[in-house]
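Source file: run06.tsv. Holds: TSV, C-alpha atoms.
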```tsv
chain	number	residue	atom	x	y	z
A	1	MET	CA	-2.11	13.51	-14.63
A	2	LYS	CA	-5.27	11.49	-15.09
A	3	LYS	CA	-8.62	11.73	-13.32
A	4	ILE	CA	-10.99	8.96	-12.36
A	5	ILE	CA	-14.33	8.90	-10.58
A	6	ILE	CA	-14.52	5.44	-9.02
A	7	THR	CA	-11.56	3.14	-8.51
A	8	LEU	CA	-11.80	-0.55	-7.69
A	9	ILE	CA	-8.85	-1.93	-5.74
A	10	THR	CA	-7.90	-4.65	-8.20
A	11	THR	CA	-4.79	-6.60	-9.15
A	12	ALA	CA	-3.92	-10.20	-9.86
A	13	ALA	CA	-2.90	-12.09	-6.71
A	14	LEU	CA	-0.56	-15.05	-6.93
A	15	SER	CA	-0.63	-17.93	-4.46
A	16	GLY	CA	0.80	-21.35	-3.86
A	17	CYS	CA	4.27	-22.66	-3.11
A	18	ALA	CA	6.64	-24.11	-5.72
A	19	ASN	CA	8.00	-27.55	-4.98
A	20	SER	CA	10.58	-28.10	-7.70
A	21	ALA	CA	13.67	-26.13	-8.64
A	22	SER	CA	12.13	-25.09	-11.94
A	23	THR	CA	8.84	-23.95	-10.46
A	24	SER	CA	10.70	-22.19	-7.63
A	25	ALA	CA	12.69	-20.22	-10.18
A	26	ALA	CA	9.52	-19.33	-12.05
A	27	ALA	CA	7.79	-18.25	-8.84
A	28	SER	CA	10.70	-16.07	-7.71
A	29	ALA	CA	10.93	-14.44	-11.13
A	30	ALA	CA	7.19	-13.72	-11.11
A	31	VAL	CA	7.26	-12.01	-7.71
A	32	ILE	CA	9.03	-8.95	-9.15
A	33	PRO	CA	7.95	-8.72	-12.81
A	34	GLN	CA	10.58	-7.43	-15.20
A	35	GLN	CA	8.35	-4.51	-16.18
A	36	SER	CA	8.37	-3.24	-12.57
A	37	GLN	CA	11.09	-0.61	-12.54
A	38	GLN	CA	10.38	1.00	-9.15
A	39	LEU	CA	10.25	-0.52	-5.67
A	40	VAL	CA	9.10	1.09	-2.43
A	41	VAL	CA	10.70	-1.04	0.27
A	42	VAL	CA	9.49	-0.91	3.89
A	43	VAL	CA	11.48	-2.87	6.49
A	44	ALA	CA	10.46	-3.23	10.15
A	45	ASP	CA	12.50	-4.68	13.00
A	46	ASP	CA	10.03	-7.53	13.58
A	47	TRP	CA	6.40	-8.59	13.16
A	48	GLN	CA	5.23	-6.53	16.15
A	49	ALA	CA	7.02	-3.28	15.25
A	50	ILE	CA	4.89	-0.20	14.66
A	51	ALA	CA	7.80	1.72	13.10
A	52	ALA	CA	9.82	0.95	9.98
A	53	GLN	CA	12.16	2.46	7.41
A	54	LEU	CA	11.12	3.20	3.83
A	55	TYR	CA	13.55	3.08	0.90
A	56	ARG	CA	13.06	3.85	-2.80
A	57	PHE	CA	14.74	1.80	-5.53
A	58	GLU	CA	14.78	2.08	-9.31
A	59	ARG	CA	15.99	-0.53	-11.79
A	60	VAL	CA	18.95	0.90	-13.73
A	61	ALA	CA	20.65	-1.29	-16.36
A	62	GLY	CA	19.01	-4.32	-14.75
A	63	GLN	CA	20.21	-3.50	-11.22
A	64	TRP	CA	18.32	-2.00	-8.29
A	65	GLN	CA	19.74	1.37	-7.25
A	66	GLN	CA	18.60	3.26	-4.18
A	67	GLN	CA	17.07	6.69	-4.82
A	68	GLY	CA	17.64	9.28	-2.13
A	69	GLN	CA	17.71	8.58	1.59
A	70	GLY	CA	15.50	6.25	3.59
A	71	HIS	CA	13.03	7.70	6.08
A	72	SER	CA	10.76	6.67	8.94
A	73	VAL	CA	7.20	5.39	8.53
A	74	VAL	CA	4.65	3.99	10.94
A	75	LEU	CA	2.71	0.74	10.47
A	76	GLY	CA	-0.37	-0.85	12.00
A	77	ARG	CA	-0.91	-0.63	15.75
A	78	THR	CA	-0.20	-4.38	16.07
A	79	GLY	CA	2.56	-4.58	13.48
A	80	LEU	CA	2.51	-6.78	10.36
A	81	ALA	CA	0.87	-9.97	9.07
A	82	TRP	CA	1.04	-11.67	5.67
A	83	GLY	CA	-1.22	-10.03	3.12
A	84	ILE	CA	-2.53	-11.15	-0.26
A	85	GLY	CA	-0.42	-9.74	-3.07
A	86	LEU	CA	2.04	-10.77	-5.77
A	87	HIS	CA	4.09	-13.01	-3.46
A	88	PRO	CA	3.38	-16.74	-3.05
A	89	ALA	CA	1.18	-17.67	-0.08
A	90	GLN	CA	3.22	-17.82	3.14
A	91	ALA	CA	2.88	-19.74	6.38
A	92	GLY	CA	2.25	-17.64	9.47
A	93	GLU	CA	-0.24	-15.06	10.69
A	94	GLN	CA	-2.45	-13.72	7.91
A	95	LYS	CA	-3.93	-10.23	7.64
A	96	GLN	CA	-7.57	-10.06	8.75
A	97	GLU	CA	-10.15	-7.29	8.87
A	98	GLY	CA	-9.82	-5.18	12.00
A	99	ASP	CA	-6.61	-6.80	13.30
A	100	GLY	CA	-4.65	-3.55	13.28
A	101	LYS	CA	-1.88	-5.06	11.15
A	102	ALA	CA	-0.34	-3.71	7.97
A	103	PRO	CA	-0.02	-6.39	5.24
A	104	ALA	CA	3.42	-7.91	4.67
A	105	GLY	CA	4.51	-9.06	1.21
A	106	ILE	CA	4.72	-7.58	-2.27
A	107	PHE	CA	1.91	-5.44	-3.66
A	108	GLU	CA	1.14	-3.27	-6.65
A	109	LEU	CA	0.57	0.41	-5.96
A	110	GLY	CA	-2.63	1.87	-7.31
A	111	THR	CA	-4.36	5.21	-7.50
A	112	ALA	CA	-3.00	8.28	-5.73
A	113	PHE	CA	-5.74	10.17	-3.87
A	114	GLY	CA	-6.26	13.21	-1.74
A	115	TYR	CA	-8.26	16.27	-0.80
A	116	LEU	CA	-6.76	18.49	-3.50
A	117	ASP	CA	-7.80	18.88	-7.13
A	118	SER	CA	-4.39	17.60	-8.26
A	119	LEU	CA	-1.02	16.45	-6.97
A	120	LYS	CA	2.48	16.40	-8.42
A	121	THR	CA	2.69	12.74	-9.41
A	122	SER	CA	2.84	10.48	-12.43
A	123	MET	CA	0.35	8.10	-10.83
A	124	THR	CA	-3.33	8.21	-11.72
A	125	TYR	CA	-4.89	10.64	-9.24
A	126	GLN	CA	-8.38	10.82	-7.75
A	127	GLY	CA	-9.45	13.92	-5.89
A	128	MET	CA	-11.79	12.74	-3.15
A	129	THR	CA	-15.20	14.20	-2.31
A	130	ALA	CA	-17.54	13.89	0.65
A	131	ASP	CA	-19.29	11.06	-1.23
A	132	ASP	CA	-16.18	8.86	-1.62
A	133	TYR	CA	-15.78	5.86	0.67
A	134	CYS	CA	-13.68	2.72	0.91
A	135	VAL	CA	-15.96	-0.06	2.08
A	136	ASP	CA	-14.62	-2.01	5.07
A	137	VAL	CA	-17.86	-3.80	5.96
A	138	LYS	CA	-17.56	-7.60	5.91
A	139	GLY	CA	-20.23	-9.19	3.73
A	140	SER	CA	-20.69	-6.11	1.57
A	141	PRO	CA	-20.65	-6.64	-2.22
A	142	PHE	CA	-18.39	-3.55	-2.29
A	143	TYR	CA	-15.92	-4.87	0.30
A	144	ASN	CA	-12.38	-3.47	-0.22
A	145	GLN	CA	-13.51	-1.13	-2.99
A	146	LEU	CA	-13.43	2.63	-3.39
A	147	VAL	CA	-16.95	3.76	-4.25
A	148	ASN	CA	-18.92	6.96	-4.61
A	149	LYS	CA	-22.10	7.21	-2.55
A	150	SER	CA	-23.94	9.05	-5.31
A	151	VAL	CA	-23.37	6.02	-7.57
A	152	VAL	CA	-23.80	3.03	-5.23
A	153	GLY	CA	-26.37	4.57	-2.89
A	154	GLU	CA	-26.49	5.57	0.78
A	155	ALA	CA	-27.20	2.02	1.98
A	156	ALA	CA	-24.00	0.65	0.41
A	157	VAL	CA	-21.76	2.85	2.60
A	158	LYS	CA	-24.00	3.02	5.67
A	159	ASP	CA	-21.73	1.10	8.08
A	160	SER	CA	-18.36	1.90	6.51
A	161	SER	CA	-15.95	3.89	8.67
A	162	GLU	CA	-13.57	4.62	5.77
A	163	TRP	CA	-14.79	7.95	4.47
A	164	MET	CA	-12.07	9.30	2.20
A	165	ARG	CA	-12.57	12.95	3.18
A	166	ARG	CA	-11.40	12.62	6.75
A	167	ASP	CA	-11.04	16.39	6.97
A	168	ILE	CA	-14.83	16.59	6.77
A	169	TYR	CA	-15.82	13.59	8.90
A	170	SER	CA	-12.86	13.10	11.26
A	171	GLN	CA	-11.30	16.57	11.24
A	172	ASP	CA	-7.83	15.32	10.34
A	173	ASN	CA	-5.55	15.34	7.30
A	174	LEU	CA	-4.48	11.69	7.24
A	175	TYR	CA	-5.90	11.19	3.74
A	176	LYS	CA	-4.93	14.61	2.40
A	177	LYS	CA	-2.39	12.77	0.21
A	178	GLY	CA	-2.06	9.04	-0.24
A	179	LEU	CA	-1.83	5.92	-2.37
A	180	VAL	CA	-3.88	2.75	-2.66
A	181	VAL	CA	-1.98	-0.44	-1.79
A	182	LYS	CA	-3.43	-3.30	-3.84
A	183	HIS	CA	-3.80	-5.81	-1.00
A	184	ASN	CA	-6.53	-8.47	-1.31
A	185	SER	CA	-7.36	-7.54	-4.89
A	186	GLN	CA	-9.90	-10.35	-5.18
A	187	ASN	CA	-11.78	-8.71	-2.29
A	188	VAL	CA	-11.82	-11.87	-0.16
A	189	ASP	CA	-14.35	-11.14	2.57
A	190	GLY	CA	-12.68	-10.47	5.92
A	191	ALA	CA	-9.10	-10.71	4.59
A	192	GLY	CA	-8.42	-7.00	5.09
A	193	SER	CA	-9.58	-3.91	3.26
A	194	CYS	CA	-8.75	-0.31	2.42
A	195	ILE	CA	-4.98	-0.48	2.75
A	196	PHE	CA	-3.24	2.79	1.94
A	197	MET	CA	-0.05	4.76	2.25
A	198	HIS	CA	-1.04	8.10	3.80
A	199	LEU	CA	0.05	10.90	6.12
A	200	TRP	CA	0.85	10.11	9.74
A	201	ARG	CA	-0.37	11.68	12.95
A	202	ALA	CA	3.11	11.48	14.49
A	203	GLU	CA	6.13	9.19	14.45
A	204	ASN	CA	4.87	7.39	17.57
A	205	LYS	CA	1.24	7.08	16.41
A	206	PRO	CA	0.57	3.85	14.47
A	207	THR	CA	-2.22	3.30	11.97
A	208	ALA	CA	-5.17	0.90	11.78
A	209	GLY	CA	-3.25	-1.19	9.20
A	210	CYS	CA	-1.72	1.24	6.71
A	211	THR	CA	1.75	2.72	6.19
A	212	ALA	CA	2.03	6.41	7.08
A	213	MET	CA	4.66	9.13	6.84
A	214	THR	CA	5.22	12.89	6.95
A	215	GLU	CA	3.67	15.06	4.27
A	216	GLN	CA	7.13	16.05	3.02
A	217	ASN	CA	8.11	12.42	2.55
A	218	MET	CA	4.78	11.66	0.89
A	219	ASP	CA	5.34	14.54	-1.54
A	220	THR	CA	8.76	13.13	-2.44
A	221	LEU	CA	7.33	9.64	-2.91
A	222	LEU	CA	4.42	10.79	-5.08
A	223	ALA	CA	6.64	12.99	-7.25
A	224	TRP	CA	9.04	10.07	-7.83
A	225	LEU	CA	6.48	7.35	-8.56
A	226	ASP	CA	5.58	6.70	-12.19
A	227	GLU	CA	2.78	4.29	-13.02
A	228	GLN	CA	4.44	3.56	-16.38
A	229	LYS	CA	7.26	1.95	-14.37
A	230	LYS	CA	4.80	-0.42	-12.61
A	231	PRO	CA	5.86	0.43	-9.04
A	232	LEU	CA	5.54	-2.13	-6.26
A	233	LEU	CA	5.51	-1.99	-2.46
A	234	VAL	CA	7.64	-4.54	-0.58
A	235	SER	CA	6.86	-4.57	3.15
A	236	LEU	CA	8.54	-7.10	5.45
A	237	PRO	CA	10.14	-7.55	8.86
A	238	SER	CA	13.94	-7.45	8.66
A	239	GLU	CA	14.50	-11.19	9.18
A	240	GLN	CA	11.99	-12.13	6.48
A	241	TYR	CA	13.48	-9.55	4.11
A	242	GLN	CA	16.90	-11.15	4.49
A	243	GLN	CA	15.42	-14.62	3.98
A	244	LYS	CA	13.56	-13.60	0.82
A	245	GLN	CA	16.16	-11.27	-0.70
A	246	LEU	CA	17.77	-13.76	-3.08
A	247	LEU	CA	14.65	-15.84	-3.74
A	248	TRP	CA	12.51	-12.81	-4.57
A	249	LYS	CA	15.39	-10.85	-6.15
A	250	LEU	CA	15.03	-7.92	-3.77
A	251	PRO	CA	17.58	-5.10	-3.50
A	252	ALA	CA	20.18	-5.10	-0.75
A	253	ILE	CA	19.47	-2.63	2.07
A	254	LYS	CA	22.58	-0.71	3.11
```
Let me see whether you can do it: turn the structure in this file into structure tokens.
Amino acid sequence: MKKIIITLITTAALSGCANSASTSAAASAAVIPQQSQQLVVVVADDWQAIAAQLYRFERVAGQWQQQGQGHSVVLGRTGLAWGIGLHPAQAGEQKQEGDGKAPAGIFELGTAFGYLDSLKTSMTYQGMTADDYCVDVKGSPFYNQLVNKSVVGEAAVKDSSEWMRRDIYSQDNLYKKGLVVKHNSQNVDGAGSCIFMHLWRAENKPTAGCTAMTEQNMDTLLAWLDEQKKPLLVSLPSEQYQQKQLLWKLPAIK
């Protein structure tokens, strides 16, 4: 278990479409790097669905094997739209700030966070304080970054609604346990910010653009994840998952 004070939501984003057979093969191979040994797969019925199923896969002898049973999650209140992650840029609706959509695509998973001093997980963990925020203000130099108010100053978080201790400011436990999803790692202004996996309100209550689940399922996920295995999140509507399965070398969903 490791501790950090301030985490920037960073990862390398890949874009562009391959036009030749050789570049297509290279692009598909790069979508799921060989060093990534764990996949969290979220599949929704369609782009507008607010509910989905989550599955866990681990690479064993070069093959993806499902770990445990799938379970329900909830998505953004308006469904899904393409995010900025490890996948090549895609045609279609793109994730934007405030659109109520969870990002679709392939993303690295970052820091685990929560209200507690520690959690059972092999991911880097950050216990949140009343001074921790994720900045969702367009135009801010800290856009899409986790910051501490005592470091960046009161003015930097003034208009942000993403205080990480929601138990203090919103009187709920949604962020009691969670994970950073590394969407929009270059912090493109307005392209969507502060994307997490966190606890849900209820199975019929969608999020503002995150993926949420029961605390029991979050505990299982956190205990299984291992940052040394470079885990990724794959989140897609069912039709797109089937279309991309071979190209992106994704596991079969049974």
- Query: In Å to one decimal, how far is CA of Gln240 (chain A) from CA of Cys194 (chain A)?
  - Reply: 24.2 Å
- Message: Just to confirm, what's the straight-line distance from CA of Trp47 (chain A) to CA of Gly83 (chain A) in Å (one decimal)?
- Response: 12.7 Å
Mind dumping a table of every region 75-118 of chain A residue within 7 Å of region 184-193 of chain A, with the nearest atom pair and its distance in Å to one decimal, using only C-alpha atoms, sorted by chain and rising number, as a tab-separated table?
```
residue	atom	partner	partner_atom	distance
A:Ile84	CA	A:Asn184	CA	4.9
A:Gly85	CA	A:Asn184	CA	6.5
A:Lys95	CA	A:Ala191	CA	6.0
A:Gln96	CA	A:Ala191	CA	4.5
A:Glu97	CA	A:Gly192	CA	4.2
```
- Using only C-alpha atoms, the shortest atom-to-atom distance to Gly100 (chain A) among A:Leu75, A:Met218, A:Val60, A:Val234 belongs to A:Leu75
- Could you pull out every residue with an atom within 12 Å of (7.7, 13.6, 0.0), file coordinates, counting only C-alpha atoms, and send them as a PyMOL selection string? chain A and resi 54+56+68-73+119-121+177-178+197-199+212-225
- Message: Quick one: residues within 8 Å of Pro251 (chain A), all atoms listed in the file, excluding same-chain residues fewer than 4 positions away - as an NGL selection string?
- Response: :A and (57 or 64-65 or 245)
- Item | A:Phe196, A:Phe142, A:Tyr175, A:Tyr133 ranked by distance to Gly114 (chain A), top pick (using all atoms listed in the file) |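 With all atoms listed in the file as the atom set, the closest residue is A:Tyr175.
As for CA of Gln145 (chain A) and CA of Val43 (chain A), they are spaced 26.8 Å apart.
Those residues positioned at most 7 Å from (-18.1, 6.3, -3.8) are Ile6, Asp131, Asp132, Tyr133, Leu146, Val147, Asn148, Lys149, Ser150, Val151 and Val152 of chain A, judged using only C-alpha atoms.
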